[in-house]
Each structure stands twice: as C-alpha cells, then as structure tokens.
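Asks: Sharing a structure here in structure tokens format.
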Amino acid sequence: MRHALVLAAALAAAQAWAGGDAQRGQQAYEAQCGGCHSVEFDRIGPRHAGIMGRRAGSVPGFAYSPALRNSGLVWDAALLERWLANPEALVPGQRMGYQLEDAQLRADIIAYLATLVSRRP
Ligand code: HEC
C-alpha cells in the first residue's frame, strides 16, 4: 500500500516535469512565439499545426534555412526542449533568432505544441 502511494507520487511528479501545463503554454505561446509563428499559417516562422512527429524543415513552401531543412531531425518533446533552449546549439546555421531561458515556460509551451494536431492532409 505504501509502495503504491510512493509510486503514484513519483509518476505524478514525472508527468508534471515531462508534460508541462498546456493551458499556461497556450498563453506563453501567444506571448513568446506569436510575433513570428501561428498554428495554422506561416509567418516569419513556419506554422506549428502537427509539429509533434513532423520532420524538421518540412512545411511545404516555407523558406527554411538549409541547415534546418537538411537537419534530419523529427520533432519530439526532447528535441523541442533543446531547440527552444538554444536553437543554434542544436542546428548550427539555423535562422530562428530567439531562445527561451525559462525551463518551466519551455515545458508548458511544449505541452501546448503537443496538442496541435494538423488539420491538413
Ligand atoms: C523572431 C521570430 C521567432 C520567434 C519569436 C520564434 N520563432 Fe520559431 N522559428 C522562426 C524561424 C525564422 C524559424 C525557421 C528557422 C530556420 O529555417 O532555420 C523557426 C522555426 C521554428 C521551429 C521549427 C519548425 C519546423 O517546421 O521545423 C519550431 C518548432 C519553432 N520555431 C518553435 C518556436 C516556438 C515554440 C517559439 C516560442 C517559444 C518560437 N519558435 C519563437 C522564428 C521565430
């Protein structure tokens, strides 16, 4: 019984760390990323619908840096964490002139990005 409680607490903590808070993430996304990105449309940066599991640099018609287009990465939570913390360290030569210092905000935004299912085929 005691073991089960400890395990449940550990699982909850792991989810909080890994998952972030998608609702807070949506607000942070609008504040931090909305100047350059939107969910459904390309702006200064590419659209984010369907970003989880998408190949990096693969939105048709968006003018990516060759570095990102040829990176061979497929976006998941761990890679997005590294990208947002320091894009240039992950993909030297990339063109996103932005990084996010706050680890909690990164986790929240990644949780929000995970909810963005692509509505395009
Ligand atoms: C100053 C403008 C700017 C801001 C602010 C910005 N980005 Fe970007 N982002 C870009 C550009 C430009 C690219 C394309 C980079 C390239 O081609 O190398 C990009 C690319 C990306 C990619 C890769 C997408 C793909 O299709 O492979 C992700 C993911 C991303 N940004 C997430 C974010 C998130 C999340 C935020 C907010 C926390 C953010 N960006 C803030 C300009 C920005």
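We label chains A, B, ... in the order they appear in the structure tokens, count residues from 1 in each chain, and number ligands from 1 in the order shown.
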Given a cut-off of 6 Å, what residues near ligand 1 show up using only C-alpha atoms and all ligand atoms, put as a list in words?
Replies: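 After applying the 6 Å limit, what remains is Tyr29, Gln32, Cys33, Gly35, Cys36, Ile44, Gly45, Pro46, Ala56, Gly57, Ser58, Val59, Tyr64, Ser65, Leu68, Gln94, Arg95, Met96, Gly97 and Tyr98 of chain A.
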Asks: Please give the complete set of residues from chain A that DSSP, run on the backbone, assigns to alpha helix (DSSP H), formatted as number ranges by chain.
Replies: A: 2-19, 22-32, 66-69, 77-85, 87-90, 103-113
Asks: Produce a table with one row for each residue of segment 88-121 of chain A that has an atom at most 12 Å from any atom of segment 52-55 of chain A, each row naming the nearest atom pair and its distance in Å at one decimal; use only C-alpha atoms; arrange rows by chain and rising residue number; format as JSON lines.
Replies:
```
{"residue": "A:Ile110", "atom": "CA", "partner": "A:Met52", "partner_atom": "CA", "distance": 9.3}
{"residue": "A:Ala111", "atom": "CA", "partner": "A:Met52", "partner_atom": "CA", "distance": 10.3}
{"residue": "A:Tyr112", "atom": "CA", "partner": "A:Met52", "partner_atom": "CA", "distance": 10.5}
{"residue": "A:Leu113", "atom": "CA", "partner": "A:Met52", "partner_atom": "CA", "distance": 7.2}
{"residue": "A:Ala114", "atom": "CA", "partner": "A:Met52", "partner_atom": "CA", "distance": 5.9}
{"residue": "A:Thr115", "atom": "CA", "partner": "A:Met52", "partner_atom": "CA", "distance": 8.7}
{"residue": "A:Leu116", "atom": "CA", "partner": "A:Met52", "partner_atom": "CA", "distance": 8.0}
{"residue": "A:Val117", "atom": "CA", "partner": "A:Met52", "partner_atom": "CA", "distance": 8.2}
{"residue": "A:Ser118", "atom": "CA", "partner": "A:Met52", "partner_atom": "CA", "distance": 9.5}
```
Asks: How about saving the chosen residues, N, CA, C and O atoms kept, as an mmCIF file, in the first residue's frame?
Replies:
```cif
data_model
loop_
_atom_site.group_PDB
_atom_site.id
_atom_site.type_symbol
_atom_site.label_atom_id
_atom_site.label_comp_id
_atom_site.auth_asym_id
_atom_site.auth_seq_id
_atom_site.Cartn_x
_atom_site.Cartn_y
_atom_site.Cartn_z
ATOM 1 N N ILE A 110 5.840 23.342 -24.762
ATOM 2 C CA ILE A 110 5.944 22.042 -25.438
ATOM 3 C C ILE A 110 4.671 21.228 -25.200
ATOM 4 O O ILE A 110 4.157 20.571 -26.118
ATOM 5 N N ALA A 111 4.122 21.303 -23.982
ATOM 6 C CA ALA A 111 2.851 20.609 -23.715
ATOM 7 C C ALA A 111 1.752 21.159 -24.628
ATOM 8 O O ALA A 111 0.924 20.404 -25.150
ATOM 9 N N TYR A 112 1.755 22.472 -24.841
ATOM 10 C CA TYR A 112 0.764 23.072 -25.754
ATOM 11 C C TYR A 112 1.014 22.630 -27.191
ATOM 12 O O TYR A 112 0.075 22.240 -27.907
ATOM 13 N N LEU A 113 2.269 22.650 -27.623
ATOM 14 C CA LEU A 113 2.576 22.241 -29.005
ATOM 15 C C LEU A 113 2.106 20.812 -29.270
ATOM 16 O O LEU A 113 1.674 20.490 -30.380
ATOM 17 N N ALA A 114 2.165 19.965 -28.235
ATOM 18 C CA ALA A 114 1.752 18.563 -28.401
ATOM 19 C C ALA A 114 0.253 18.439 -28.675
ATOM 20 O O ALA A 114 -0.196 17.407 -29.169
ATOM 21 N N THR A 115 -0.513 19.495 -28.353
ATOM 22 C CA THR A 115 -1.966 19.432 -28.601
ATOM 23 C C THR A 115 -2.318 19.882 -30.021
ATOM 24 O O THR A 115 -3.471 19.782 -30.430
ATOM 25 N N LEU A 116 -1.353 20.390 -30.773
ATOM 26 C CA LEU A 116 -1.645 20.989 -32.081
ATOM 27 C C LEU A 116 -1.628 19.940 -33.178
ATOM 28 O O LEU A 116 -0.609 19.648 -33.777
ATOM 29 N N VAL A 117 -2.786 19.372 -33.414
ATOM 30 C CA VAL A 117 -2.907 18.348 -34.448
ATOM 31 C C VAL A 117 -3.103 19.051 -35.788
ATOM 32 O O VAL A 117 -3.835 20.034 -35.886
ATOM 33 N N SER A 118 -2.447 18.565 -36.802
ATOM 34 C CA SER A 118 -2.576 19.183 -38.128
ATOM 35 C C SER A 118 -3.949 18.901 -38.707
ATOM 36 O O SER A 118 -4.436 17.784 -38.648
#
```
Asks: Kindly indicate which residue among A:Leu84, A:Leu90, A:Val39, A:Leu73 lies nearest to Gln104 of chain A, using only C-alpha atoms for the distances.
Replies: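 Nearest candidate to Gln104 of chain A out of A:Leu84, A:Leu90, A:Val39, A:Leu73: A:Leu84.
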Asks: Would you kindly return, as an mmCIF file with N, CA and C atoms, in the first residue's frame, each protein, DNA or RNA residue with an atom no farther than 9 Å from any atom of Ala85 of chain A, considering only C-alpha atoms and excluding same-chain residues fewer than 3 positions away?
Replies:
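Full text of around.cif as output:
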```cif
data_model
loop_
_atom_site.group_PDB
_atom_site.id
_atom_site.type_symbol
_atom_site.label_atom_id
_atom_site.label_comp_id
_atom_site.auth_asym_id
_atom_site.auth_seq_id
_atom_site.Cartn_x
_atom_site.Cartn_y
_atom_site.Cartn_z
ATOM 1 N N LEU A 80 12.407 19.449 -29.050
ATOM 2 C CA LEU A 80 11.846 20.800 -28.929
ATOM 3 C C LEU A 80 12.443 21.511 -27.721
ATOM 4 N N GLU A 81 12.657 20.779 -26.638
ATOM 5 C CA GLU A 81 13.280 21.345 -25.442
ATOM 6 C C GLU A 81 14.673 21.899 -25.792
ATOM 7 N N ARG A 82 15.449 21.133 -26.517
ATOM 8 C CA ARG A 82 16.797 21.598 -26.877
ATOM 9 C C ARG A 82 16.723 22.761 -27.863
ATOM 10 N N ALA A 89 22.663 25.787 -30.948
ATOM 11 C CA ALA A 89 23.447 24.644 -30.471
ATOM 12 C C ALA A 89 22.928 23.349 -31.082
ATOM 13 N N GLN A 99 15.583 32.549 -28.333
ATOM 14 C CA GLN A 99 15.670 31.379 -27.452
ATOM 15 C C GLN A 99 14.981 31.686 -26.144
ATOM 16 N N LEU A 100 14.554 30.645 -25.441
ATOM 17 C CA LEU A 100 13.717 30.800 -24.252
ATOM 18 C C LEU A 100 14.468 30.256 -23.040
ATOM 19 N N GLU A 101 14.828 31.164 -22.117
ATOM 20 C CA GLU A 101 15.651 30.777 -20.968
ATOM 21 C C GLU A 101 14.862 29.983 -19.924
ATOM 22 N N ASP A 102 13.576 30.277 -19.796
ATOM 23 C CA ASP A 102 12.791 29.772 -18.661
ATOM 24 C C ASP A 102 12.341 28.328 -18.906
ATOM 25 N N ALA A 103 12.890 27.379 -18.115
ATOM 26 C CA ALA A 103 12.632 25.950 -18.344
ATOM 27 C C ALA A 103 11.161 25.601 -18.145
ATOM 28 N N ARG A 106 9.299 26.647 -21.168
ATOM 29 C CA ARG A 106 9.580 25.709 -22.272
ATOM 30 C C ARG A 106 8.702 24.468 -22.127
#
```
Asks: When you look at Ala67 of chain A with a cut-off of 8 Å (counting only C-alpha atoms), what residues show up, excluding the ones that are within fewer than 4 positions of it in the same chain? I need them as a list in words.
Replies: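 Residues meeting the cut-off are Ser71, Val91, Pro92, Gly93 and Gln94 of chain A.
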Asks: Keeping only C-alpha atoms, take the residues you just selected and write them out as a PDB file, in the first residue's frame.
Replies:
```
ATOM      1  CA  SER A  71      18.953  18.540 -40.284  1.00  0.00           C
ATOM      2  CA  VAL A  91      21.169  23.132 -35.543  1.00  0.00           C
ATOM      3  CA  PRO A  92      24.152  25.375 -36.322  1.00  0.00           C
ATOM      4  CA  GLY A  93      23.285  27.783 -39.136  1.00  0.00           C
ATOM      5  CA  GLN A  94      19.528  27.829 -38.367  1.00  0.00           C
TER       6      GLN A  94
END
```
Asks: Return the single residue from A:Gly72, A:Pro87, A:Gly20, A:Gly34 that is closest to His48 of chain A, with distances computed using only C-alpha atoms.
Replies: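 Of the candidates, the smallest distance to His48 of chain A is held by A:Gly34.
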